[in-house]
file data-v1.cif (mmCIF, C-alpha atoms and all ligand atoms)
data_work
#
loop_
_atom_site.label_atom_id
_atom_site.label_comp_id
_atom_site.auth_asym_id
_atom_site.auth_seq_id
_atom_site.Cartn_x
_atom_site.Cartn_y
_atom_site.Cartn_z
CA MET M 1 140.67 92.55 32.56
CA ILE M 2 136.91 92.19 32.41
CA GLN M 3 135.19 95.11 34.13
CA LYS M 4 131.60 95.68 35.15
CA MET M 5 129.33 97.28 32.57
CA ARG M 6 129.06 101.07 32.58
CA GLY M 7 126.22 102.16 34.83
CA THR M 8 126.19 99.00 36.97
CA LEU M 9 127.25 98.89 40.60
CA ASP M 10 129.41 96.64 42.76
CA ILE M 11 128.13 97.20 46.26
CA MET M 12 131.10 96.22 48.34
CA PRO M 13 130.96 94.78 51.89
CA GLU M 14 131.72 98.19 53.42
CA GLU M 15 128.59 99.60 51.72
CA THR M 16 126.13 96.71 52.11
CA PRO M 17 125.31 97.48 55.78
CA ILE M 18 123.74 100.80 54.80
CA PHE M 19 121.63 99.02 52.16
CA SER M 20 120.55 96.40 54.71
CA TYR M 21 119.73 99.13 57.20
CA ILE M 22 117.48 100.92 54.68
CA GLU M 23 115.78 97.63 53.88
CA LYS M 24 115.24 96.88 57.57
CA VAL M 25 113.69 100.28 58.28
CA ALA M 26 111.47 100.11 55.18
CA ARG M 27 110.30 96.60 56.04
CA SER M 28 109.39 97.49 59.58
CA VAL M 29 107.37 100.56 58.50
CA CYS M 30 105.60 98.46 55.80
CA GLU M 31 104.63 95.88 58.40
CA ARG M 32 103.04 98.58 60.55
CA TYR M 33 100.96 99.61 57.56
CA GLY M 34 99.89 96.03 56.84
CA TYR M 35 101.91 95.65 53.62
CA LYS M 36 103.17 92.21 52.59
CA GLU M 37 106.22 91.42 50.47
CA ILE M 38 105.90 90.34 46.83
CA ARG M 39 108.63 89.11 44.48
CA THR M 40 108.13 89.13 40.73
CA PRO M 41 110.44 88.21 37.81
CA THR M 42 113.39 90.33 36.72
CA PHE M 43 112.30 90.04 33.09
CA GLU M 44 108.82 90.18 31.62
CA ALA M 45 107.22 90.23 28.18
CA THR M 46 108.16 93.56 26.54
CA GLU M 47 104.49 94.22 25.87
CA LEU M 48 103.80 94.49 29.61
CA PHE M 49 105.93 97.61 29.89
CA ALA M 50 104.90 98.99 26.49
CA ARG M 51 101.26 98.81 27.58
CA GLY M 52 101.74 99.40 31.29
CA VAL M 53 104.41 102.08 31.56
CA GLY M 54 103.22 103.64 28.30
CA SER M 55 104.48 104.02 24.77
CA THR M 56 105.06 107.78 25.05
CA SER M 57 107.26 107.54 28.17
CA ASP M 58 111.04 108.01 27.88
CA VAL M 59 111.43 104.70 29.70
CA VAL M 60 109.67 102.72 26.97
CA GLN M 61 110.86 104.84 24.06
CA LYS M 62 114.57 104.81 24.77
CA GLU M 63 115.59 103.27 28.07
CA MET M 64 114.57 99.62 28.04
CA TYR M 65 116.93 96.66 27.97
CA THR M 66 115.00 94.56 25.49
CA PHE M 67 116.20 91.29 23.97
CA GLU M 68 114.96 88.28 22.13
CA ASP M 69 115.19 84.93 23.88
CA ARG M 70 116.05 81.67 22.15
CA GLU M 71 112.43 81.19 21.16
CA GLY M 72 112.24 84.59 19.51
CA ARG M 73 110.08 86.25 22.21
CA SER M 74 110.70 89.88 23.02
CA LEU M 75 111.62 90.21 26.69
CA THR M 76 112.61 93.23 28.77
CA LEU M 77 114.55 93.60 32.00
CA ARG M 78 112.10 95.41 34.26
CA PRO M 79 112.63 99.19 34.17
CA GLU M 80 110.36 99.53 37.25
CA GLY M 81 108.22 97.38 39.53
CA THR M 82 104.60 98.52 39.22
CA ALA M 83 103.75 96.84 35.90
CA GLY M 84 105.05 93.44 37.07
CA VAL M 85 103.15 93.64 40.36
CA ALA M 86 99.95 94.66 38.52
CA ARG M 87 100.40 91.72 36.13
CA ALA M 88 100.84 89.36 39.09
CA MET M 89 97.64 90.72 40.69
CA ILE M 90 95.70 89.86 37.53
CA GLU M 91 97.45 86.56 36.86
CA HIS M 92 96.82 85.27 40.39
CA GLY M 93 93.18 86.34 40.39
CA ARG M 94 93.63 88.72 43.29
CA CYS M 95 91.78 91.71 41.85
CA GLY M 96 88.54 90.36 43.29
CA GLY M 97 90.18 89.04 46.47
CA VAL M 98 90.57 90.61 49.88
CA LEU M 99 91.00 94.30 49.23
CA PRO M 100 92.85 96.51 49.67
CA GLU M 101 95.82 94.37 48.72
CA LYS M 102 98.95 96.10 50.04
CA LEU M 103 102.30 94.95 48.70
CA PHE M 104 105.94 95.98 48.96
CA TYR M 105 109.09 94.91 47.14
CA PHE M 106 112.84 95.35 46.88
CA ILE M 107 114.00 94.95 43.31
CA ASN M 108 116.75 95.68 40.85
CA CYS M 109 115.62 97.68 37.80
CA PHE M 110 117.28 98.43 34.48
CA ARG M 111 117.15 101.61 32.43
CA TYR M 112 119.50 102.69 29.68
CA GLU M 113 120.24 106.20 30.96
CA ALA M 114 123.40 108.33 31.11
CA PRO M 115 125.03 107.26 34.37
CA GLN M 116 125.83 109.95 36.94
CA ALA M 117 125.75 110.32 40.75
CA GLY M 118 122.42 108.81 41.85
CA ARG M 119 121.61 107.45 38.40
CA SER M 120 122.73 104.05 37.15
CA ARG M 121 121.61 101.57 34.52
CA GLU M 122 121.00 98.83 37.03
CA PHE M 123 119.54 100.36 40.18
CA PHE M 124 117.60 99.28 43.24
CA GLN M 125 114.12 100.23 44.30
CA PHE M 126 112.06 99.80 47.41
CA GLY M 127 108.44 100.12 46.26
CA THR M 128 104.90 99.67 47.49
CA GLU M 129 101.57 99.21 45.70
CA MET M 130 98.05 99.35 47.11
CA PHE M 131 95.16 97.91 45.06
CA GLY M 132 91.44 98.35 45.49
CA ALA M 133 91.07 101.66 47.33
CA ALA M 134 89.81 104.53 45.19
CA GLY M 135 89.40 107.34 47.68
CA PRO M 136 91.81 110.07 48.75
CA HIS M 137 92.43 108.52 52.20
CA ALA M 138 94.27 105.74 50.36
CA ASP M 139 96.54 108.31 48.66
CA ALA M 140 97.15 109.95 52.04
CA THR M 141 98.06 106.56 53.54
CA VAL M 142 100.48 105.78 50.68
CA ILE M 143 102.18 109.18 51.07
CA ALA M 144 102.26 108.79 54.86
CA LEU M 145 104.02 105.43 54.46
CA ALA M 146 106.69 106.93 52.19
CA HIS M 147 107.00 109.89 54.56
CA ASP M 148 107.46 107.61 57.60
CA VAL M 149 110.18 105.54 55.90
CA ILE M 150 112.09 108.68 54.96
CA LYS M 151 111.64 110.22 58.45
CA GLU M 152 112.60 107.02 60.22
CA LEU M 153 115.80 106.88 58.15
CA GLY M 154 116.55 110.40 59.39
CA ILE M 155 116.51 111.91 55.90
CA GLU M 156 115.31 115.46 55.27
CA ALA M 157 113.22 115.59 52.09
CA GLU M 158 110.63 117.91 50.59
CA LEU M 159 107.32 116.40 49.55
CA HIS M 160 105.94 117.75 46.26
CA ILE M 161 102.39 116.86 45.24
CA ASN M 162 100.09 117.54 42.32
CA SER M 163 97.02 116.10 40.63
CA ILE M 164 97.16 115.34 36.92
CA GLY M 165 93.45 114.52 36.70
CA CYS M 166 91.71 111.60 35.04
CA PRO M 167 90.70 110.67 31.47
CA ASN M 168 87.63 112.92 31.91
CA CYS M 169 89.43 116.14 32.70
CA ARG M 170 92.76 115.61 30.97
CA PRO M 171 91.71 116.30 27.36
CA ALA M 172 90.74 119.92 28.16
CA HIS M 173 94.08 120.50 29.87
CA ARG M 174 95.90 118.83 27.00
CA ASP M 175 94.22 121.19 24.52
CA ALA M 176 95.08 124.19 26.69
CA LEU M 177 98.71 123.07 26.84
CA LYS M 178 98.89 122.59 23.07
CA THR M 179 97.53 126.08 22.48
CA TYR M 180 99.89 127.60 25.06
CA PHE M 181 103.05 125.82 23.88
CA ALA M 182 102.28 126.44 20.19
CA ASP M 183 103.45 130.04 20.69
CA TYR M 184 106.79 128.84 22.06
CA GLU M 185 107.40 125.81 19.83
CA ASP M 186 110.59 127.25 18.27
CA LYS M 187 112.15 127.80 21.68
CA LEU M 188 111.43 124.34 23.13
CA CYS M 189 114.16 121.68 23.17
CA ASP M 190 113.97 118.96 20.50
CA THR M 191 112.61 116.39 22.97
CA CYS M 192 109.81 118.73 24.00
CA LYS M 193 108.96 119.51 20.37
CA GLY M 194 108.26 115.78 20.05
CA ARG M 195 106.40 115.66 23.37
CA LEU M 196 104.13 118.44 22.19
CA LYS M 197 102.71 115.98 19.69
CA THR M 198 102.66 112.80 21.79
CA ASN M 199 102.21 113.92 25.41
CA PRO M 200 102.33 117.72 25.93
CA MET M 201 102.01 117.34 29.71
CA ARG M 202 105.57 115.99 29.80
CA VAL M 203 106.90 119.38 28.63
CA LEU M 204 105.97 120.60 32.13
CA ASP M 205 108.73 118.64 33.85
CA CYS M 206 111.48 119.20 31.26
CA LYS M 207 114.77 119.91 33.01
CA SER M 208 116.03 122.33 30.34
CA PRO M 209 116.03 125.87 31.79
CA ILE M 210 114.37 127.40 28.70
CA CYS M 211 111.57 124.83 28.59
CA GLY M 212 111.25 125.21 32.37
CA GLU M 213 110.76 128.96 32.12
CA ILE M 214 108.13 128.52 29.42
CA ALA M 215 106.44 125.74 31.43
CA ASN M 216 106.17 128.01 34.48
CA GLY M 217 103.53 130.05 32.66
CA ALA M 218 101.66 127.03 31.28
CA PRO M 219 98.07 126.11 32.22
CA ARG M 220 98.08 124.17 35.50
CA THR M 221 96.53 120.70 35.70
CA LEU M 222 94.85 121.76 38.96
CA ASP M 223 92.83 124.42 37.15
CA TYR M 224 91.34 121.81 34.81
CA LEU M 225 90.33 119.09 37.28
CA CYS M 226 86.80 117.73 37.09
CA ASP M 227 84.72 117.95 40.28
CA GLU M 228 85.64 114.43 41.37
CA CYS M 229 89.40 114.94 40.90
CA ASP M 230 89.21 118.37 42.54
CA GLU M 231 87.40 116.95 45.59
CA HIS M 232 89.88 114.06 45.72
CA PHE M 233 92.85 116.43 45.78
CA LYS M 234 91.27 118.71 48.40
CA THR M 235 90.55 115.78 50.72
CA LEU M 236 94.08 114.46 50.23
CA THR M 237 95.67 117.79 51.17
CA ALA M 238 93.32 118.06 54.18
CA ASP M 239 94.42 114.56 55.28
CA LEU M 240 98.09 115.50 54.94
CA ASP M 241 97.48 118.69 56.93
CA ALA M 242 95.70 116.71 59.65
CA MET M 243 98.57 114.18 59.78
CA GLY M 244 101.10 117.00 60.07
CA ILE M 245 102.86 116.01 56.83
CA LYS M 246 104.28 119.08 55.14
CA TYR M 247 104.03 119.32 51.37
CA LYS M 248 104.41 121.73 48.51
CA ILE M 249 101.92 121.81 45.64
CA ASN M 250 104.05 121.69 42.50
CA PRO M 251 101.97 122.36 39.37
CA ARG M 252 104.85 121.20 37.16
CA LEU M 253 105.04 117.76 38.74
CA VAL M 254 103.62 115.29 36.21
CA ARG M 255 105.91 112.18 36.51
CA GLY M 256 107.53 110.35 33.63
CA LEU M 257 105.45 107.18 33.43
CA ASP M 258 102.15 107.19 31.55
CA TYR M 259 99.96 105.24 33.99
CA TYR M 260 99.28 107.94 36.56
CA THR M 261 95.85 109.43 37.27
CA LYS M 262 94.90 112.06 39.86
CA THR M 263 97.55 112.23 42.62
CA VAL M 264 101.26 112.32 41.82
CA PHE M 265 104.03 112.98 44.33
CA GLU M 266 107.78 113.02 44.81
CA PHE M 267 110.13 113.37 47.76
CA ILE M 268 113.15 115.48 46.88
CA CYS M 269 116.50 115.87 48.65
CA PRO M 270 118.06 118.94 46.99
CA GLY M 271 121.44 118.27 48.68
CA ILE M 272 122.28 115.04 46.85
CA GLY M 273 122.88 116.53 43.40
CA ALA M 274 121.07 116.64 40.09
CA GLN M 275 119.30 113.31 40.68
CA SER M 276 117.55 114.51 43.81
CA THR M 277 114.23 112.65 43.64
CA VAL M 278 114.49 109.89 46.24
CA CYS M 279 110.89 108.75 45.86
CA GLY M 280 108.21 109.00 43.20
CA GLY M 281 104.69 107.72 43.04
CA GLY M 282 101.02 108.34 42.65
CA ARG M 283 97.64 106.90 41.80
CA TYR M 284 97.17 104.73 38.72
CA ASP M 285 93.53 103.73 38.41
CA GLY M 286 93.73 102.65 34.77
CA LEU M 287 96.69 100.28 34.81
CA ILE M 288 95.01 97.02 35.85
CA SER M 289 92.32 97.35 33.17
CA GLU M 290 94.92 98.46 30.61
CA LEU M 291 96.67 95.15 31.27
CA GLY M 292 93.50 93.13 30.74
CA GLY M 293 92.21 92.99 34.32
CA PRO M 294 89.07 94.51 35.81
CA THR M 295 88.75 98.17 36.76
CA LEU M 296 90.75 98.35 39.97
CA PRO M 297 92.05 101.56 41.53
CA ALA M 298 95.65 101.58 42.78
CA ALA M 299 98.34 103.81 44.23
CA GLY M 300 101.98 103.38 45.16
CA PHE M 301 105.52 104.70 45.06
CA ALA M 302 109.12 103.62 44.66
CA MET M 303 112.31 104.90 46.25
CA GLY M 304 115.75 104.71 44.67
CA ILE M 305 117.88 102.96 47.26
CA THR M 306 121.21 104.38 46.07
CA ARG M 307 119.70 107.87 46.30
CA LEU M 308 118.56 107.12 49.85
CA VAL M 309 122.16 106.10 50.60
CA LEU M 310 123.42 109.43 49.22
CA ALA M 311 120.81 111.28 51.28
CA LEU M 312 121.72 109.38 54.44
CA GLU M 313 125.40 110.17 53.94
CA GLN M 314 124.65 113.78 53.16
CA CYS M 315 122.61 114.42 56.29
CA GLY M 316 125.01 112.43 58.48
CA ALA M 317 122.27 110.10 59.70
CA LYS M 318 123.45 107.42 62.12
CA ILE M 319 123.79 103.94 60.69
CA PRO M 320 123.96 101.04 63.14
CA GLU M 321 127.47 99.66 63.49
CA VAL M 322 128.48 96.47 61.75
CA LYS M 323 128.76 93.49 64.10
CA THR M 324 132.26 92.38 65.03
CA PRO M 325 133.33 88.95 66.35
CA ASP M 326 132.70 88.16 70.02
CA LEU M 327 135.76 85.94 69.97
CA TYR M 328 138.82 85.23 67.86
CA ILE M 329 140.56 81.93 68.60
CA ALA M 330 144.28 81.88 67.82
CA PRO M 331 145.63 78.31 67.64
CA LEU M 332 149.34 77.48 67.75
CA GLY M 333 150.25 74.30 65.89
CA ALA M 334 148.30 71.73 63.93
CA ASP M 335 146.52 70.04 66.89
CA ALA M 336 145.32 73.34 68.28
CA ALA M 337 144.17 74.44 64.81
CA LYS M 338 142.05 71.32 64.52
CA HIS M 339 140.53 71.90 67.94
CA ALA M 340 139.95 75.60 67.20
CA VAL M 341 137.98 74.93 64.04
CA THR M 342 135.60 72.51 65.84
CA LEU M 343 135.27 74.80 68.85
CA THR M 344 134.47 77.76 66.60
CA HIS M 345 131.80 75.72 64.83
CA GLY M 346 130.29 74.79 68.22
CA LEU M 347 130.21 78.43 69.33
CA ARG M 348 128.58 79.54 66.07
CA LYS M 349 125.87 76.91 66.56
CA LEU M 350 125.19 78.49 69.96
CA GLY M 351 124.70 81.89 68.31
CA ILE M 352 128.13 83.34 69.07
CA PHE M 353 129.99 85.29 66.42
CA ALA M 354 133.31 83.46 66.57
CA GLU M 355 136.34 83.36 64.27
CA CYS M 356 139.55 81.33 64.27
CA ASP M 357 142.66 81.17 62.16
CA ILE M 358 142.26 79.17 58.95
CA MET M 359 145.21 80.77 57.18
CA GLY M 360 148.04 79.08 59.13
CA ARG M 361 149.32 82.49 60.28
CA SER M 362 151.96 83.18 62.92
CA LEU M 363 150.66 84.28 66.34
CA LYS M 364 151.76 87.85 65.65
CA SER M 365 149.84 88.04 62.36
CA GLN M 366 146.84 86.36 63.97
CA MET M 367 146.73 89.06 66.64
CA LYS M 368 147.05 91.78 64.00
CA TYR M 369 144.16 90.19 62.08
CA ALA M 370 142.02 89.89 65.25
CA ASP M 371 142.56 93.60 65.81
CA LYS M 372 141.69 94.47 62.19
CA ILE M 373 138.38 92.59 62.28
CA GLY M 374 137.51 94.20 65.62
CA ALA M 375 137.34 90.98 67.68
CA LYS M 376 136.03 91.77 71.17
CA ASN M 377 137.96 88.91 72.81
CA THR M 378 140.80 86.58 71.89
CA LEU M 379 141.77 83.14 73.11
CA ILE M 380 145.22 81.73 72.39
CA ILE M 381 145.39 77.94 72.35
CA GLY M 382 148.80 76.25 72.36
CA SER M 383 149.82 72.72 73.36
CA GLY M 384 149.79 73.56 77.12
CA GLU M 385 146.26 74.95 76.89
CA LEU M 386 145.14 71.94 74.88
CA GLU M 387 146.35 69.68 77.67
CA SER M 388 144.75 71.60 80.52
CA GLY M 389 141.60 72.61 78.64
CA LYS M 390 142.03 76.12 80.02
CA ALA M 391 143.25 79.32 78.37
CA ASN M 392 143.34 83.06 78.91
CA LEU M 393 140.39 84.98 77.49
CA ARG M 394 141.58 88.46 76.69
CA ASN M 395 139.21 91.41 76.46
CA MET M 396 140.59 93.45 73.56
CA SER M 397 139.15 96.79 74.63
CA ASN M 398 140.61 96.91 78.20
CA GLY M 399 143.32 94.23 78.01
CA GLU M 400 141.88 92.32 81.00
CA GLN M 401 142.48 88.57 81.03
CA ARG M 402 140.82 85.71 82.85
CA GLU M 403 141.28 81.98 82.73
CA VAL M 404 138.41 80.11 81.12
CA SER M 405 137.66 76.50 80.31
CA PHE M 406 137.26 75.73 76.61
CA ALA M 407 136.70 71.98 76.98
CA ASN M 408 133.42 72.38 75.19
CA ALA M 409 131.64 75.15 73.31
CA GLU M 410 128.80 75.43 75.88
CA GLU M 411 131.17 76.25 78.74
CA LEU M 412 133.09 78.77 76.67
CA ALA M 413 129.86 80.35 75.43
CA ALA M 414 128.73 80.75 79.05
CA GLU M 415 132.07 82.40 79.90
CA LEU M 416 131.71 84.81 76.99
CA LYS M 417 128.24 85.81 78.08
CA ALA M 418 129.39 86.25 81.72
P1 LIG M 501 110.18 106.35 39.03
O1 LIG M 501 110.00 107.78 39.41
O2 LIG M 501 110.52 106.06 37.64
O3 LIG M 501 108.85 105.60 39.47
O4 LIG M 501 111.28 105.71 39.95
C1 LIG M 501 111.16 105.75 41.36
C2 LIG M 501 112.49 106.12 41.99
O5 LIG M 501 113.50 105.22 41.54
C3 LIG M 501 113.02 107.49 41.57
O6 LIG M 501 112.43 108.50 42.35
C4 LIG M 501 114.49 107.34 41.86
O7 LIG M 501 114.74 107.54 43.25
C5 LIG M 501 114.76 105.90 41.52
N1 LIG M 501 115.36 105.78 40.18
C6 LIG M 501 114.74 105.86 38.98
N2 LIG M 501 115.62 105.71 37.98
C7 LIG M 501 116.83 105.53 38.54
C8 LIG M 501 118.16 105.30 38.05
N3 LIG M 501 118.41 105.22 36.74
N4 LIG M 501 119.16 105.19 38.94
C9 LIG M 501 118.94 105.25 40.27
N5 LIG M 501 117.70 105.44 40.80
C10 LIG M 501 116.67 105.58 39.96
C11 LIG M 501 108.63 104.27 39.32
O8 LIG M 501 109.48 103.48 39.05
C12 LIG M 501 107.23 103.87 39.67
N6 LIG M 501 107.12 102.43 39.42
C13 LIG M 501 106.91 104.22 41.09
C14 LIG M 501 105.52 103.83 41.48
C15 LIG M 501 105.14 102.74 42.16
N7 LIG M 501 104.43 104.49 41.15
C16 LIG M 501 103.38 103.84 41.63
N8 LIG M 501 103.82 102.77 42.24
#

call {"tool": "encode", "arguments": {"input": "data-v1.cif", "output": "structure tokens"}}
result
Amino acid sequence: MIQKMRGTLDIMPEETPIFSYIEKVARSVCERYGYKEIRTPTFEATELFARGVGSTSDVVQKEMYTFEDREGRSLTLRPEGTAGVARAMIEHGRCGGVLPEKLFYFINCFRYEAPQAGRSREFFQFGTEMFGAAGPHADATVIALAHDVIKELGIEAELHINSIGCPNCRPAHRDALKTYFADYEDKLCDTCKGRLKTNPMRVLDCKSPICGEIANGAPRTLDYLCDECDEHFKTLTADLDAMGIKYKINPRLVRGLDYYTKTVFEFICPGIGAQSTVCGGGRYDGLISELGGPTLPAAGFAMGITRLVLALEQCGAKIPEVKTPDLYIAPLGADAAKHAVTLTHGLRKLGIFAECDIMGRSLKSQMKYADKIGAKNTLIIGSGELESGKANLRNMSNGEQREVSFANAEELAAELKA
């Protein structure tokens, strides 16, 4: 038997309503913030991610699904959404358009990682990007949007924030980190030994307990910020305070993608297991120019939808119930079956959720099925009913019956609404 690939997901009909619910909530919050939906391709030129996400990131170094197409071009299934959206901004000449440009998306992403609860190789993100606003109020707005989506879903999450500075202040911090970690090099894990050479800041968020302990004593990015970055961070935290959004300053939060500048943030749900980051984001002022566009500041975030599902389940948040049929029509015999199928079509056109038998089942099995699918009412049509054009409409929750006319869909629809 052919099975799905390790790390991919079948989201079965019982689970899709929770996904749709998350999407609905996220969309409605985005609309309130003036964000518009964007859709970009599932695969892009590999170079986009190598340049955009960054050659020292784990994502580019070891997690991409890269392949050659029939014309020998190197393509990659998107490991995240920001680089594609940034490319589209440049390609469609929108960097000099009406700014800020505020965009949101729902996408599938692909990363070759070890699958576990909350981590898969194909996964789903809800993300937002804002282009053109450089100041800290933009960062506060982006965080407030993520915060509102999470709150509106009823999820409890901790907000962690940090500033990793800009190309002006980062070199001094990088040097300080190199000096600090040099004393501990033997004790660091193999990955961090490599990071020490390519991107020492990444040692700060290593999950290994030994590296973590060493990182706790490392020079903090916040102590090396230039005046502009320092002021930016102070205004951001003042905005969050004024908006009543609680946060924790986490000096070890540096994020795994290379494009970030200044603000970085994550929302964490400790209760959902090892993969507890439900949302990650930050400012990325250098990405558009890195990709060949003009200098254009930007900030955004993405949430892992399967992690939001875990968080919703864990905190017992209420998910709206799945709709059940208003009516199930049970025909007896071939003539009635023919009539039932047309009548059901007519009701559906009038906006009624109607079902009828198309399996040729006995009346008993039809009633069992109607019960299983949660039909609110049933209507049995036999030859007598066909002749008179009238049948008993049975309310399945209280057993009450009343005679209704089913000569045409309009009349029956009116009876159902009565
Ligand atoms: P990221 O932190 O790599 O950021 O991913 C964002 C979120 O996607 C994570 O917090 C997590 O919830 C979810 N996620 C990541 N990898 C997996 C996986 N293998 N399985 C399940 N869920 C996963 C970005 O992708 C940035 N593009 C976010 C951003 C947008 N920054 C600025 N704008």

call {"tool": "closest_atom_pairs", "arguments": {"input": "data-v1.cif", "of": "chain M", "to": "ligand LIG 501 (chain M)", "cutoff": "7 Å", "atoms": "all atoms listed in the file", "output": "Markdown table"}}
result
| residue | atom | partner | partner_atom | distance |
| --- | --- | --- | --- | --- |
| M:Glu80 | CA | M:LIG501 | O8 | 4.4 |
| M:Gly81 | CA | M:LIG501 | N6 | 5.2 |
| M:Thr82 | CA | M:LIG501 | N6 | 4.7 |
| M:Arg111 | CA | M:LIG501 | N3 | 5.8 |
| M:Glu113 | CA | M:LIG501 | N3 | 6.1 |
| M:Gly118 | CA | M:LIG501 | C9 | 5.2 |
| M:Arg119 | CA | M:LIG501 | N4 | 3.4 |
| M:Ser120 | CA | M:LIG501 | N4 | 4.2 |
| M:Arg121 | CA | M:LIG501 | N3 | 5.3 |
| M:Glu122 | CA | M:LIG501 | N4 | 6.9 |
| M:Phe123 | CA | M:LIG501 | C9 | 4.9 |
| M:Phe124 | CA | M:LIG501 | N5 | 6.6 |
| M:Gln125 | CA | M:LIG501 | O5 | 5.7 |
| M:Gly127 | CA | M:LIG501 | C15 | 5.9 |
| M:Thr128 | CA | M:LIG501 | C15 | 6.2 |
| M:Glu129 | CA | M:LIG501 | N8 | 5.5 |
| M:Arg255 | CA | M:LIG501 | O1 | 6.7 |
| M:Gly256 | CA | M:LIG501 | O2 | 6.6 |
| M:Leu257 | CA | M:LIG501 | O2 | 6.7 |
| M:Glu266 | CA | M:LIG501 | O6 | 6.9 |
| M:Thr277 | CA | M:LIG501 | O6 | 4.7 |
| M:Val278 | CA | M:LIG501 | O7 | 3.8 |
| M:Cys279 | CA | M:LIG501 | O6 | 3.8 |
| M:Gly280 | CA | M:LIG501 | O6 | 4.3 |
| M:Gly281 | CA | M:LIG501 | N7 | 3.8 |
| M:Gly282 | CA | M:LIG501 | C16 | 5.2 |
| M:Arg283 | CA | M:LIG501 | C16 | 6.5 |
| M:Tyr284 | CA | M:LIG501 | C16 | 6.9 |
| M:Ala299 | CA | M:LIG501 | C16 | 5.7 |
| M:Gly300 | CA | M:LIG501 | N8 | 3.5 |
| M:Phe301 | CA | M:LIG501 | C15 | 3.5 |
| M:Ala302 | CA | M:LIG501 | C13 | 4.2 |
| M:Met303 | CA | M:LIG501 | C2 | 4.4 |
| M:Gly304 | CA | M:LIG501 | O7 | 3.3 |
| M:Ile305 | CA | M:LIG501 | O7 | 6.8 |
| M:Thr306 | CA | M:LIG501 | C9 | 6.3 |
| M:Arg307 | CA | M:LIG501 | O7 | 5.8 |

call {"tool": "closest_residue", "arguments": {"input": "data-v1.cif", "among": "M:Tyr112, M:Ile358, M:Ala50, M:Thr16", "to": "Lys62 of chain M", "atoms": "all atoms listed in the file"}}
result
M:Tyr112

call {"tool": "atom_distance", "arguments": {"input": "data-v1.cif", "atom1": "atom CA of Cys109 of chain M", "atom2": "atom CA of Leu77 of chain M"}}
result
7.2 Å

call {"tool": "residues_around", "arguments": {"input": "data-v1.cif", "residues": "segment 154-165 of chain M", "least_positions_apart": "2", "cutoff": "7 Å", "atoms": "all atoms listed in the file", "output": "VMD selection string"}}
result
chain M and resid 150 to 152 169 to 170 221 to 222 225 229 233 246 to 251 253 to 254 261 to 269 311 to 312 315 317

call {"tool": "write_last_selection", "arguments": {"input": "data-v1.cif", "atoms": "C-alpha atoms", "output": "tab-separated table (two decimals), in the frame of the given file"}}
result
chain	number	residue	atom	x	y	z
M	150	ILE	CA	112.09	108.68	54.96
M	151	LYS	CA	111.64	110.22	58.45
M	152	GLU	CA	112.60	107.02	60.22
M	169	CYS	CA	89.43	116.14	32.70
M	170	ARG	CA	92.76	115.61	30.97
M	221	THR	CA	96.53	120.70	35.70
M	222	LEU	CA	94.85	121.76	38.96
M	225	LEU	CA	90.33	119.09	37.28
M	229	CYS	CA	89.40	114.94	40.90
M	233	PHE	CA	92.85	116.43	45.78
M	246	LYS	CA	104.28	119.08	55.14
M	247	TYR	CA	104.03	119.32	51.37
M	248	LYS	CA	104.41	121.73	48.51
M	249	ILE	CA	101.92	121.81	45.64
M	250	ASN	CA	104.05	121.69	42.50
M	251	PRO	CA	101.97	122.36	39.37
M	253	LEU	CA	105.04	117.76	38.74
M	254	VAL	CA	103.62	115.29	36.21
M	261	THR	CA	95.85	109.43	37.27
M	262	LYS	CA	94.90	112.06	39.86
M	263	THR	CA	97.55	112.23	42.62
M	264	VAL	CA	101.26	112.32	41.82
M	265	PHE	CA	104.03	112.98	44.33
M	266	GLU	CA	107.78	113.02	44.81
M	267	PHE	CA	110.13	113.37	47.76
M	268	ILE	CA	113.15	115.48	46.88
M	269	CYS	CA	116.50	115.87	48.65
M	311	ALA	CA	120.81	111.28	51.28
M	312	LEU	CA	121.72	109.38	54.44
M	315	CYS	CA	122.61	114.42	56.29
M	317	ALA	CA	122.27	110.10	59.70

call {"tool": "residues_around", "arguments": {"input": "data-v1.cif", "residues": "Thr235 of chain M", "least_positions_apart": "4", "cutoff": "7 Å", "atoms": "all atoms listed in the file", "output": "ChimeraX atom specification"}}
result
/M:136,231,239

call {"tool": "closest_residue", "arguments": {"input": "data-v1.cif", "among": "M:Gly293, M:Pro41, M:Gly271, M:Pro13", "to": "Leu308 of chain M", "atoms": "only C-alpha atoms"}}
result
M:Gly271

call {"tool": "atom_distance", "arguments": {"input": "data-v1.cif", "atom1": "atom CA of Thr42 of chain M", "atom2": "atom CA of Thr198 of chain M"}}
result
29.0 Å

call {"tool": "residues_near_point", "arguments": {"input": "data-v1.cif", "point": "(107.8, 110.5, 22.9)", "cutoff": "10 Å", "atoms": "only C-alpha atoms", "output": "number ranges by chain"}}
result
M: 54-62, 191-200, 202

call {"tool": "residues_around", "arguments": {"input": "data-v1.cif", "residues": "Thr295 of chain M", "least_positions_apart": "3", "cutoff": "8 Å", "atoms": "only C-alpha atoms", "output": "ChimeraX atom specification"}}
result
/M:285-286,288-289

call {"tool": "residues_around", "arguments": {"input": "data-v1.cif", "residues": "Tyr105 of chain M", "least_positions_apart": "6", "cutoff": "6 Å", "atoms": "all atoms listed in the file", "output": "JSON, numbers by chain"}}
result
{"M": [37, 38, 126, 127]}

call {"tool": "closest_residue", "arguments": {"input": "data-v1.cif", "among": "M:Ala88, M:Phe104, M:Arg94, M:Val322", "to": "Glu23 of chain M", "atoms": "only C-alpha atoms"}}
result
M:Phe104
